[in-house]
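Chemist: Sharing coords-v6.cif below, mmCIF, C-alpha atoms:
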data_query
loop_
_atom_site.group_PDB
_atom_site.id
_atom_site.type_symbol
_atom_site.label_atom_id
_atom_site.label_comp_id
_atom_site.auth_asym_id
_atom_site.auth_seq_id
_atom_site.Cartn_x
_atom_site.Cartn_y
_atom_site.Cartn_z
ATOM 1 C CA MET B 4 -31.258 -5.174 40.475
ATOM 2 C CA ARG B 5 -29.420 -7.211 43.058
ATOM 3 C CA PHE B 6 -30.794 -10.606 42.104
ATOM 4 C CA PRO B 7 -31.459 -10.611 38.341
ATOM 5 C CA PHE B 8 -30.973 -14.390 38.074
ATOM 6 C CA ARG B 9 -33.507 -15.154 40.831
ATOM 7 C CA ARG B 10 -36.013 -12.732 39.351
ATOM 8 C CA SER B 11 -35.583 -14.296 35.901
ATOM 9 C CA LEU B 12 -35.991 -17.772 37.387
ATOM 10 C CA LEU B 13 -39.148 -16.698 39.226
ATOM 11 C CA ILE B 14 -40.636 -15.162 36.087
ATOM 12 C CA ALA B 15 -39.779 -18.258 34.032
ATOM 13 C CA SER B 16 -41.322 -20.568 36.665
ATOM 14 C CA LEU B 17 -44.516 -18.529 36.802
ATOM 15 C CA THR B 18 -44.735 -18.420 33.020
ATOM 16 C CA VAL B 19 -44.378 -22.192 32.738
ATOM 17 C CA SER B 20 -46.847 -22.852 35.554
ATOM 18 C CA LEU B 21 -49.463 -20.652 33.904
ATOM 19 C CA ALA B 22 -48.783 -21.417 30.252
ATOM 20 C CA ALA B 23 -48.281 -25.187 30.443
ATOM 21 C CA PRO B 24 -51.844 -26.024 31.547
ATOM 22 C CA LEU B 25 -53.280 -23.567 29.009
ATOM 23 C CA SER B 26 -51.161 -24.777 26.110
ATOM 24 C CA SER B 27 -52.109 -28.445 26.379
ATOM 25 C CA ALA B 28 -55.299 -28.471 24.354
ATOM 26 C CA GLU B 29 -57.726 -31.174 25.380
ATOM 27 C CA VAL B 30 -57.862 -34.095 22.967
ATOM 28 C CA PRO B 31 -61.457 -34.902 21.993
ATOM 29 C CA ALA B 32 -62.670 -38.379 22.863
ATOM 30 C CA PRO B 33 -65.978 -40.246 22.659
ATOM 31 C CA GLU B 34 -68.070 -41.323 25.622
ATOM 32 C CA PRO B 35 -66.578 -44.474 27.185
ATOM 33 C CA VAL B 36 -68.125 -47.822 26.337
ATOM 34 C CA GLN B 37 -69.949 -49.740 29.052
ATOM 35 C CA PRO B 38 -68.254 -53.155 28.958
ATOM 36 C CA PRO B 39 -69.778 -56.356 30.283
ATOM 37 C CA SER B 40 -69.209 -57.070 33.972
ATOM 38 C CA GLY B 41 -66.473 -59.355 35.212
ATOM 39 C CA LEU B 42 -63.004 -60.268 34.057
ATOM 40 C CA SER B 43 -63.695 -61.715 30.627
ATOM 41 C CA GLU B 44 -62.383 -61.556 27.078
ATOM 42 C CA ALA B 45 -65.713 -59.938 26.137
ATOM 43 C CA ARG B 46 -64.964 -57.097 28.546
ATOM 44 C CA TYR B 47 -61.442 -56.611 27.203
ATOM 45 C CA ALA B 48 -62.725 -56.637 23.601
ATOM 46 C CA ALA B 49 -65.435 -54.052 24.367
ATOM 47 C CA VAL B 50 -62.932 -51.736 26.045
ATOM 48 C CA ARG B 51 -60.564 -52.225 23.089
ATOM 49 C CA GLN B 52 -63.338 -51.000 20.767
ATOM 50 C CA GLY B 53 -63.654 -47.871 22.927
ATOM 51 C CA ILE B 54 -59.907 -47.284 22.693
ATOM 52 C CA LEU B 55 -60.054 -47.660 18.902
ATOM 53 C CA ALA B 56 -62.944 -45.175 18.722
ATOM 54 C CA ALA B 57 -60.871 -42.684 20.732
ATOM 55 C CA GLU B 58 -57.888 -43.333 18.433
ATOM 56 C CA ARG B 59 -59.985 -42.555 15.353
ATOM 57 C CA MET B 60 -61.325 -39.372 16.943
ATOM 58 C CA ALA B 61 -57.849 -38.203 17.994
ATOM 59 C CA ALA B 62 -56.467 -38.882 14.509
ATOM 60 C CA GLY B 63 -59.434 -37.127 12.912
ATOM 61 C CA HIS B 64 -58.709 -34.002 14.966
ATOM 62 C CA GLY B 65 -54.995 -34.025 14.096
ATOM 63 C CA HIS B 66 -53.692 -35.351 17.442
ATOM 64 C CA ARG B 67 -51.194 -37.793 15.935
ATOM 65 C CA ARG B 68 -49.252 -38.501 19.129
ATOM 66 C CA ARG B 69 -52.392 -39.402 21.092
ATOM 67 C CA ALA B 70 -53.611 -41.523 18.173
ATOM 68 C CA GLU B 71 -50.317 -43.451 18.188
ATOM 69 C CA VAL B 72 -50.542 -44.043 21.949
ATOM 70 C CA LEU B 73 -54.119 -45.266 21.624
ATOM 71 C CA ARG B 74 -53.272 -47.512 18.667
ATOM 72 C CA ALA B 75 -50.633 -49.210 20.832
ATOM 73 C CA MET B 76 -53.110 -49.504 23.733
ATOM 74 C CA ALA B 77 -55.626 -51.229 21.424
ATOM 75 C CA ASP B 78 -53.210 -54.093 20.707
ATOM 76 C CA PRO B 79 -55.239 -57.329 21.152
ATOM 77 C CA ALA B 80 -52.527 -58.721 23.456
ATOM 78 C CA ARG B 81 -53.255 -55.974 26.009
ATOM 79 C CA ARG B 82 -56.193 -56.150 28.445
ATOM 80 C CA PHE B 83 -57.970 -53.098 29.843
ATOM 81 C CA LEU B 84 -60.687 -53.166 32.482
ATOM 82 C CA PHE B 85 -61.898 -49.677 31.582
ATOM 83 C CA PHE B 86 -60.957 -46.756 29.373
ATOM 84 C CA ASP B 87 -62.108 -43.146 29.115
ATOM 85 C CA GLY B 88 -60.148 -40.856 26.789
ATOM 86 C CA ARG B 89 -61.690 -37.625 28.097
ATOM 87 C CA ASP B 90 -60.048 -35.111 30.467
ATOM 88 C CA GLY B 91 -56.498 -36.473 30.193
ATOM 89 C CA GLY B 92 -57.706 -40.057 30.179
ATOM 90 C CA ARG B 93 -58.585 -42.842 32.571
ATOM 91 C CA ALA B 94 -57.631 -46.490 32.117
ATOM 92 C CA ALA B 95 -56.890 -49.670 34.029
ATOM 93 C CA GLU B 96 -54.652 -52.239 32.352
ATOM 94 C CA VAL B 97 -54.241 -55.770 33.671
ATOM 95 C CA PHE B 98 -50.946 -57.672 33.794
ATOM 96 C CA GLY B 99 -51.543 -61.320 34.636
ATOM 97 C CA ASP B 100 -54.915 -62.839 35.454
ATOM 98 C CA PRO B 101 -56.608 -61.219 38.467
ATOM 99 C CA ALA B 102 -59.274 -63.942 38.514
ATOM 100 C CA THR B 103 -56.735 -66.671 39.312
ATOM 101 C CA ALA B 104 -53.912 -64.681 40.918
ATOM 102 C CA GLU B 105 -52.929 -65.291 44.523
ATOM 103 C CA ARG B 106 -51.968 -61.626 44.855
ATOM 104 C CA VAL B 107 -53.183 -58.531 43.030
ATOM 105 C CA ALA B 108 -51.285 -55.246 43.233
ATOM 106 C CA VAL B 109 -52.874 -51.991 42.121
ATOM 107 C CA LEU B 110 -50.333 -49.450 40.905
ATOM 108 C CA VAL B 111 -51.627 -45.840 41.140
ATOM 109 C CA PRO B 112 -49.587 -43.010 39.560
ATOM 110 C CA GLY B 113 -48.640 -39.836 41.397
ATOM 111 C CA SER B 114 -48.127 -36.860 39.080
ATOM 112 C CA ASP B 115 -47.799 -36.033 35.404
ATOM 113 C CA THR B 116 -49.486 -39.196 34.177
ATOM 114 C CA SER B 117 -52.075 -39.117 31.430
ATOM 115 C CA LEU B 118 -52.779 -41.241 28.390
ATOM 116 C CA ASP B 119 -49.980 -39.395 26.576
ATOM 117 C CA ARG B 120 -47.507 -40.435 29.304
ATOM 118 C CA TYR B 121 -49.086 -43.773 30.116
ATOM 119 C CA GLY B 122 -45.966 -45.698 29.064
ATOM 120 C CA ARG B 123 -44.245 -44.925 32.381
ATOM 121 C CA LEU B 124 -47.111 -46.390 34.399
ATOM 122 C CA ARG B 125 -47.276 -49.406 32.098
ATOM 123 C CA SER B 126 -43.529 -50.030 32.429
ATOM 124 C CA GLY B 127 -43.762 -49.858 36.216
ATOM 125 C CA ALA B 128 -46.707 -52.260 36.311
ATOM 126 C CA SER B 129 -44.957 -54.713 34.018
ATOM 127 C CA ALA B 130 -41.782 -54.605 36.141
ATOM 128 C CA LEU B 131 -43.800 -55.069 39.342
ATOM 129 C CA ARG B 132 -45.605 -58.092 37.851
ATOM 130 C CA GLU B 133 -42.230 -59.582 36.923
ATOM 131 C CA GLU B 134 -40.944 -59.017 40.468
ATOM 132 C CA LEU B 135 -44.040 -60.504 42.112
ATOM 133 C CA GLY B 136 -43.964 -63.611 39.915
ATOM 134 C CA GLY B 137 -46.399 -65.563 37.791
ATOM 135 C CA ARG B 138 -48.988 -66.155 40.514
ATOM 136 C CA ALA B 139 -49.576 -62.418 40.901
ATOM 137 C CA ALA B 140 -51.438 -59.868 38.817
ATOM 138 C CA VAL B 141 -50.931 -56.125 38.622
ATOM 139 C CA VAL B 142 -53.441 -53.463 37.638
ATOM 140 C CA ALA B 143 -52.013 -50.190 36.281
ATOM 141 C CA TRP B 144 -54.809 -47.910 37.511
ATOM 142 C CA LEU B 145 -55.021 -44.430 35.985
ATOM 143 C CA GLY B 146 -58.414 -43.617 37.450
ATOM 144 C CA TYR B 147 -58.049 -39.926 38.233
ATOM 145 C CA ARG B 148 -56.559 -36.790 36.696
ATOM 146 C CA THR B 149 -53.077 -36.621 38.185
ATOM 147 C CA PRO B 150 -51.649 -33.202 39.035
ATOM 148 C CA GLY B 151 -48.937 -31.735 36.823
ATOM 149 C CA THR B 152 -45.458 -30.884 38.059
ATOM 150 C CA TYR B 153 -46.222 -27.163 38.149
ATOM 151 C CA GLU B 154 -49.680 -27.399 39.725
ATOM 152 C CA ALA B 155 -50.265 -26.284 43.296
ATOM 153 C CA ALA B 156 -52.256 -29.489 43.913
ATOM 154 C CA LEU B 157 -48.985 -31.417 43.752
ATOM 155 C CA LEU B 158 -47.908 -29.767 46.994
ATOM 156 C CA THR B 159 -50.716 -31.471 48.900
ATOM 157 C CA PRO B 160 -51.524 -35.170 49.311
ATOM 158 C CA ARG B 161 -55.181 -34.569 48.422
ATOM 159 C CA PRO B 162 -55.195 -35.730 44.735
ATOM 160 C CA GLY B 163 -53.297 -38.920 45.568
ATOM 161 C CA ARG B 164 -55.567 -39.692 48.495
ATOM 162 C CA ARG B 165 -58.651 -39.180 46.341
ATOM 163 C CA GLY B 166 -57.184 -41.378 43.602
ATOM 164 C CA GLY B 167 -56.169 -44.045 46.109
ATOM 165 C CA ALA B 168 -59.628 -44.000 47.686
ATOM 166 C CA ARG B 169 -61.202 -44.525 44.260
ATOM 167 C CA ALA B 170 -58.814 -47.412 43.597
ATOM 168 C CA ALA B 171 -59.395 -48.993 47.008
ATOM 169 C CA GLY B 172 -63.157 -48.519 46.953
ATOM 170 C CA PRO B 173 -65.379 -49.070 49.977
ATOM 171 C CA GLY B 174 -63.988 -51.154 52.831
ATOM 172 C CA GLY B 175 -60.374 -51.108 51.553
ATOM 173 C CA ARG B 176 -61.110 -53.307 48.564
ATOM 174 C CA ALA B 177 -59.568 -52.713 45.141
ATOM 175 C CA GLY B 178 -62.168 -51.866 42.545
ATOM 176 C CA ALA B 179 -60.784 -51.428 39.044
ATOM 177 C CA GLY B 180 -63.894 -49.844 37.605
ATOM 178 C CA PRO B 181 -67.585 -50.471 37.089
ATOM 179 C CA GLY B 182 -68.592 -54.114 37.086
ATOM 180 C CA VAL B 183 -65.247 -55.460 38.308
ATOM 181 C CA ALA B 184 -65.220 -57.588 41.441
ATOM 182 C CA ALA B 185 -63.283 -56.097 44.334
ATOM 183 C CA VAL B 186 -60.104 -57.703 45.659
ATOM 184 C CA PRO B 187 -59.184 -57.436 49.374
ATOM 185 C CA LEU B 188 -56.020 -55.420 49.980
ATOM 186 C CA VAL B 189 -53.130 -56.230 52.298
ATOM 187 C CA ARG B 190 -49.721 -54.569 52.747
ATOM 188 C CA ARG B 191 -46.584 -56.044 51.159
ATOM 189 C CA ARG B 192 -43.312 -54.132 51.451
ATOM 190 C CA GLY B 193 -45.063 -50.794 51.172
ATOM 191 C CA LEU B 194 -47.212 -51.885 48.230
ATOM 192 C CA ARG B 195 -50.912 -52.530 48.415
ATOM 193 C CA ALA B 196 -51.311 -56.075 47.169
ATOM 194 C CA GLY B 197 -54.390 -58.277 47.330
ATOM 195 C CA ARG B 198 -54.692 -61.884 48.340
ATOM 196 C CA SER B 199 -57.569 -64.046 47.224
#
The structure given in the file should be rewritten as structure tokens.

Modeler:
Amino acid sequence: MRFPFRRSLLIASLTVSLAAPLSSAEVPAPEPVQPPSGLSEARYAAVRQGILAAERMAAGHGHRRRAEVLRAMADPARRFLFFDGRDGGRAAEVFGDPATAERVAVLVPGSDTSLDRYGRLRSGASALREELGGRAAVVAWLGYRTPGTYEAALLTPRPGRRGGARAAGPGGRAGAGPGVAAVPLVRRRGLRAGRS
């Protein structure tokens, strides 16, 4: 064996790439709630109830970490446009008030983001809102299943393009989920930010 280290590295990489997706058991979650249309407190409250239902289901099935994440997401100070705890999770959290904001940025994650790792996306959205200022709003949009680090899909731009197309919606307008008004998108320093 001339290259035992390379062979061992190859075997380890293949093992991780095959075992990692199989070892992450899917966390059960209820059907998502259908919140009222628009950007209202009633919508945020309805979505919060869906998050709490998913938290109870996760806890009931012994998924403590997911239950903790969902409990934090259900904090009344946080505002979600939509939530679906199935298949890794989908959510859109609002920072600022999109209804009155002069600019709206939609932050879409690339890889390895799910409800269990949502904190990274949330931190980025919060920092972006701070940078853009008080007259801007940011939507942390986890609206598609992101590829994992060891998935072949990560080597192509296809998942990100599909996710971005869902976020942009028809005609290049940001749609944050069912029943949410679209916001026109313009470019700002490489970010897609909307102006009303």

Chemist: Could you state which residues are captured by the PyMOL selection byres ((chain B and resi 108-119) around 7) in this file, as a PyMOL selection string?

Modeler: chain B and resi 69+72+91-92+106-107+120-121+124+128+140-145+149-152+163+167+195-197

Chemist: Write the residues of the selection above to a file with C-alpha atoms, as a PDB file, keeping the file's coordinate frame.

Modeler:
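Once everything was written out, this is selection.pdb:
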ATOM      1  CA  ARG B  69     -52.392 -39.402  21.092  1.00  0.00           C
ATOM      2  CA  VAL B  72     -50.542 -44.043  21.949  1.00  0.00           C
ATOM      3  CA  GLY B  91     -56.498 -36.473  30.193  1.00  0.00           C
ATOM      4  CA  GLY B  92     -57.706 -40.057  30.179  1.00  0.00           C
ATOM      5  CA  ARG B 106     -51.968 -61.626  44.855  1.00  0.00           C
ATOM      6  CA  VAL B 107     -53.183 -58.531  43.030  1.00  0.00           C
ATOM      7  CA  ARG B 120     -47.507 -40.435  29.304  1.00  0.00           C
ATOM      8  CA  TYR B 121     -49.086 -43.773  30.116  1.00  0.00           C
ATOM      9  CA  LEU B 124     -47.111 -46.390  34.399  1.00  0.00           C
ATOM     10  CA  ALA B 128     -46.707 -52.260  36.311  1.00  0.00           C
ATOM     11  CA  ALA B 140     -51.438 -59.868  38.817  1.00  0.00           C
ATOM     12  CA  VAL B 141     -50.931 -56.125  38.622  1.00  0.00           C
ATOM     13  CA  VAL B 142     -53.441 -53.463  37.638  1.00  0.00           C
ATOM     14  CA  ALA B 143     -52.013 -50.190  36.281  1.00  0.00           C
ATOM     15  CA  TRP B 144     -54.809 -47.910  37.511  1.00  0.00           C
ATOM     16  CA  LEU B 145     -55.021 -44.430  35.985  1.00  0.00           C
ATOM     17  CA  THR B 149     -53.077 -36.621  38.185  1.00  0.00           C
ATOM     18  CA  PRO B 150     -51.649 -33.202  39.035  1.00  0.00           C
ATOM     19  CA  GLY B 151     -48.937 -31.735  36.823  1.00  0.00           C
ATOM     20  CA  THR B 152     -45.458 -30.884  38.059  1.00  0.00           C
ATOM     21  CA  GLY B 163     -53.297 -38.920  45.568  1.00  0.00           C
ATOM     22  CA  GLY B 167     -56.169 -44.045  46.109  1.00  0.00           C
ATOM     23  CA  ARG B 195     -50.912 -52.530  48.415  1.00  0.00           C
ATOM     24  CA  ALA B 196     -51.311 -56.075  47.169  1.00  0.00           C
ATOM     25  CA  GLY B 197     -54.390 -58.277  47.330  1.00  0.00           C
TER      26      GLY B 197
END

Chemist: Hey, which of B:Val36, B:Val50, B:Leu42, B:Ala56 ends up closest to B:Gly99? Count all atoms listed in the file.

Modeler: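 Under the stated criterion, the closest residue is B:Leu42.
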
Chemist: Residues at most 8 Å from B:Glu58, counting all atoms listed in the file, excluding those fewer than 4 positions away in the same chain, as a PyMOL selection string?

Modeler: chain B and resi 54+62+69-71+73-74

Chemist: Report as a JSON list (two decimals) with C-alpha atoms, in the coordinates of the input all protein, DNA and RNA residues lying within 6 Å of B:Ala57, evaluated on only C-alpha atoms, omitting residues in the same chain fewer than 3 positions from it.

Modeler:
[["chain", "number", "residue", "atom", "x", "y", "z"],
["B", 32, "ALA", "CA", -62.67, -38.38, 22.86],
["B", 33, "PRO", "CA", -65.98, -40.25, 22.66],
["B", 54, "ILE", "CA", -59.91, -47.28, 22.69],
["B", 60, "MET", "CA", -61.32, -39.37, 16.94]]

Chemist: Can you turn the PyMOL selection byres ((chain B and resi 79) around 12) into a concrete residue list for this file, as number ranges by chain?

Modeler: B: 44-45, 47-52, 54-55, 74-78, 80-83

Chemist: In Å to one decimal, how far is atom CA of B:Ala102 from atom CA of B:Glu134?

Modeler: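 We find that atom CA of B:Glu134 and atom CA of B:Ala102 lie 19.1 Å from each other.
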
Chemist: Which residue is closest to B:Arg138? Choose from B:His66, B:Pro101, B:Tyr153, B:Arg123 and count all atoms listed in the file.

Modeler: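 Among the listed residues, the smallest separation from B:Arg138 belongs to B:Pro101.
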
Chemist: For a test of reading the model, state the distance in Å between atom CA of B:His64 and atom CA of B:Pro35, rounded to one decimal.

Modeler: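 Those two atoms sit 17.9 Å apart.
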
Chemist: Would you compute the distance between atom CA of B:Gln37 and atom CA of B:Phe86? Give it in Å to one decimal.

Modeler: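 It comes out at 9.5 Å.
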
Chemist: Can you complete the atoms of stretch 77-109 of chain B to N, CA and C atoms and list them as a compact mmCIF listing (two decimals), in the coordinates of the input?

Modeler:
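What follows is the written file result-v9.txt:
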# COMPACT_ATOMS: atom_id res chain seq x y z
N ALA B 77 -54.58 -50.36 21.98
CA ALA B 77 -55.63 -51.23 21.42
C ALA B 77 -55.08 -52.56 20.92
N ASP B 78 -53.80 -52.82 21.11
CA ASP B 78 -53.21 -54.09 20.71
C ASP B 78 -54.00 -55.23 21.36
N PRO B 79 -54.44 -56.23 20.59
CA PRO B 79 -55.24 -57.33 21.15
C PRO B 79 -54.55 -58.11 22.28
N ALA B 80 -53.23 -58.02 22.38
CA ALA B 80 -52.53 -58.72 23.46
C ALA B 80 -52.66 -57.99 24.79
N ARG B 81 -53.11 -56.75 24.77
CA ARG B 81 -53.26 -55.97 26.01
C ARG B 81 -54.70 -56.07 26.50
N ARG B 82 -54.86 -55.99 27.85
CA ARG B 82 -56.19 -56.15 28.44
C ARG B 82 -56.49 -54.98 29.38
N PHE B 83 -57.55 -54.25 29.05
CA PHE B 83 -57.97 -53.10 29.84
C PHE B 83 -59.32 -53.37 30.48
N LEU B 84 -59.42 -53.02 31.76
CA LEU B 84 -60.69 -53.17 32.48
C LEU B 84 -61.64 -52.02 32.16
N PHE B 85 -61.09 -50.81 32.00
CA PHE B 85 -61.90 -49.68 31.58
C PHE B 85 -61.01 -48.68 30.86
N PHE B 86 -61.66 -47.79 30.12
CA PHE B 86 -60.96 -46.76 29.37
C PHE B 86 -61.90 -45.58 29.18
N ASP B 87 -61.38 -44.38 29.39
CA ASP B 87 -62.11 -43.15 29.12
C ASP B 87 -61.06 -42.15 28.62
N GLY B 88 -61.14 -41.74 27.38
CA GLY B 88 -60.15 -40.86 26.79
C GLY B 88 -60.35 -39.39 27.09
N ARG B 89 -61.41 -39.03 27.81
CA ARG B 89 -61.69 -37.62 28.10
C ARG B 89 -60.86 -37.11 29.27
N ASP B 90 -60.67 -35.80 29.33
CA ASP B 90 -60.05 -35.11 30.47
C ASP B 90 -58.69 -35.71 30.87
N GLY B 91 -57.81 -35.91 29.90
CA GLY B 91 -56.50 -36.47 30.19
C GLY B 91 -56.46 -37.98 30.14
N GLY B 92 -57.61 -38.61 30.32
CA GLY B 92 -57.71 -40.06 30.18
C GLY B 92 -57.74 -40.82 31.49
N ARG B 93 -58.50 -41.90 31.46
CA ARG B 93 -58.58 -42.84 32.57
C ARG B 93 -58.49 -44.24 31.97
N ALA B 94 -57.76 -45.12 32.62
CA ALA B 94 -57.63 -46.49 32.12
C ALA B 94 -57.13 -47.39 33.24
N ALA B 95 -57.44 -48.66 33.12
CA ALA B 95 -56.89 -49.67 34.03
C ALA B 95 -56.49 -50.86 33.18
N GLU B 96 -55.18 -51.12 33.13
CA GLU B 96 -54.65 -52.24 32.35
C GLU B 96 -54.24 -53.36 33.29
N VAL B 97 -54.51 -54.58 32.87
CA VAL B 97 -54.24 -55.77 33.67
C VAL B 97 -52.99 -56.48 33.16
N PHE B 98 -52.13 -56.86 34.09
CA PHE B 98 -50.95 -57.67 33.79
C PHE B 98 -51.09 -58.95 34.61
N GLY B 99 -51.25 -60.08 33.94
CA GLY B 99 -51.54 -61.32 34.64
C GLY B 99 -53.05 -61.54 34.64
N ASP B 100 -53.49 -62.51 35.39
CA ASP B 100 -54.92 -62.84 35.45
C ASP B 100 -55.43 -62.62 36.87
N PRO B 101 -56.12 -61.50 37.11
CA PRO B 101 -56.61 -61.22 38.47
C PRO B 101 -57.59 -62.27 38.99
N ALA B 102 -58.28 -62.95 38.09
CA ALA B 102 -59.27 -63.94 38.51
C ALA B 102 -58.62 -65.15 39.16
N THR B 103 -57.40 -65.49 38.77
CA THR B 103 -56.74 -66.67 39.31
C THR B 103 -55.50 -66.34 40.14
N ALA B 104 -55.14 -65.08 40.21
CA ALA B 104 -53.91 -64.68 40.92
C ALA B 104 -54.06 -64.85 42.42
N GLU B 105 -52.96 -65.22 43.07
CA GLU B 105 -52.93 -65.29 44.52
C GLU B 105 -52.81 -63.90 45.13
N ARG B 106 -52.13 -63.01 44.40
CA ARG B 106 -51.97 -61.63 44.86
C ARG B 106 -52.27 -60.69 43.70
N VAL B 107 -52.91 -59.57 44.02
CA VAL B 107 -53.18 -58.53 43.03
C VAL B 107 -52.68 -57.21 43.59
N ALA B 108 -51.79 -56.57 42.85
CA ALA B 108 -51.28 -55.25 43.23
C ALA B 108 -51.93 -54.22 42.33
N VAL B 109 -52.30 -53.09 42.89
CA VAL B 109 -52.87 -51.99 42.12
C VAL B 109 -51.87 -50.86 42.17
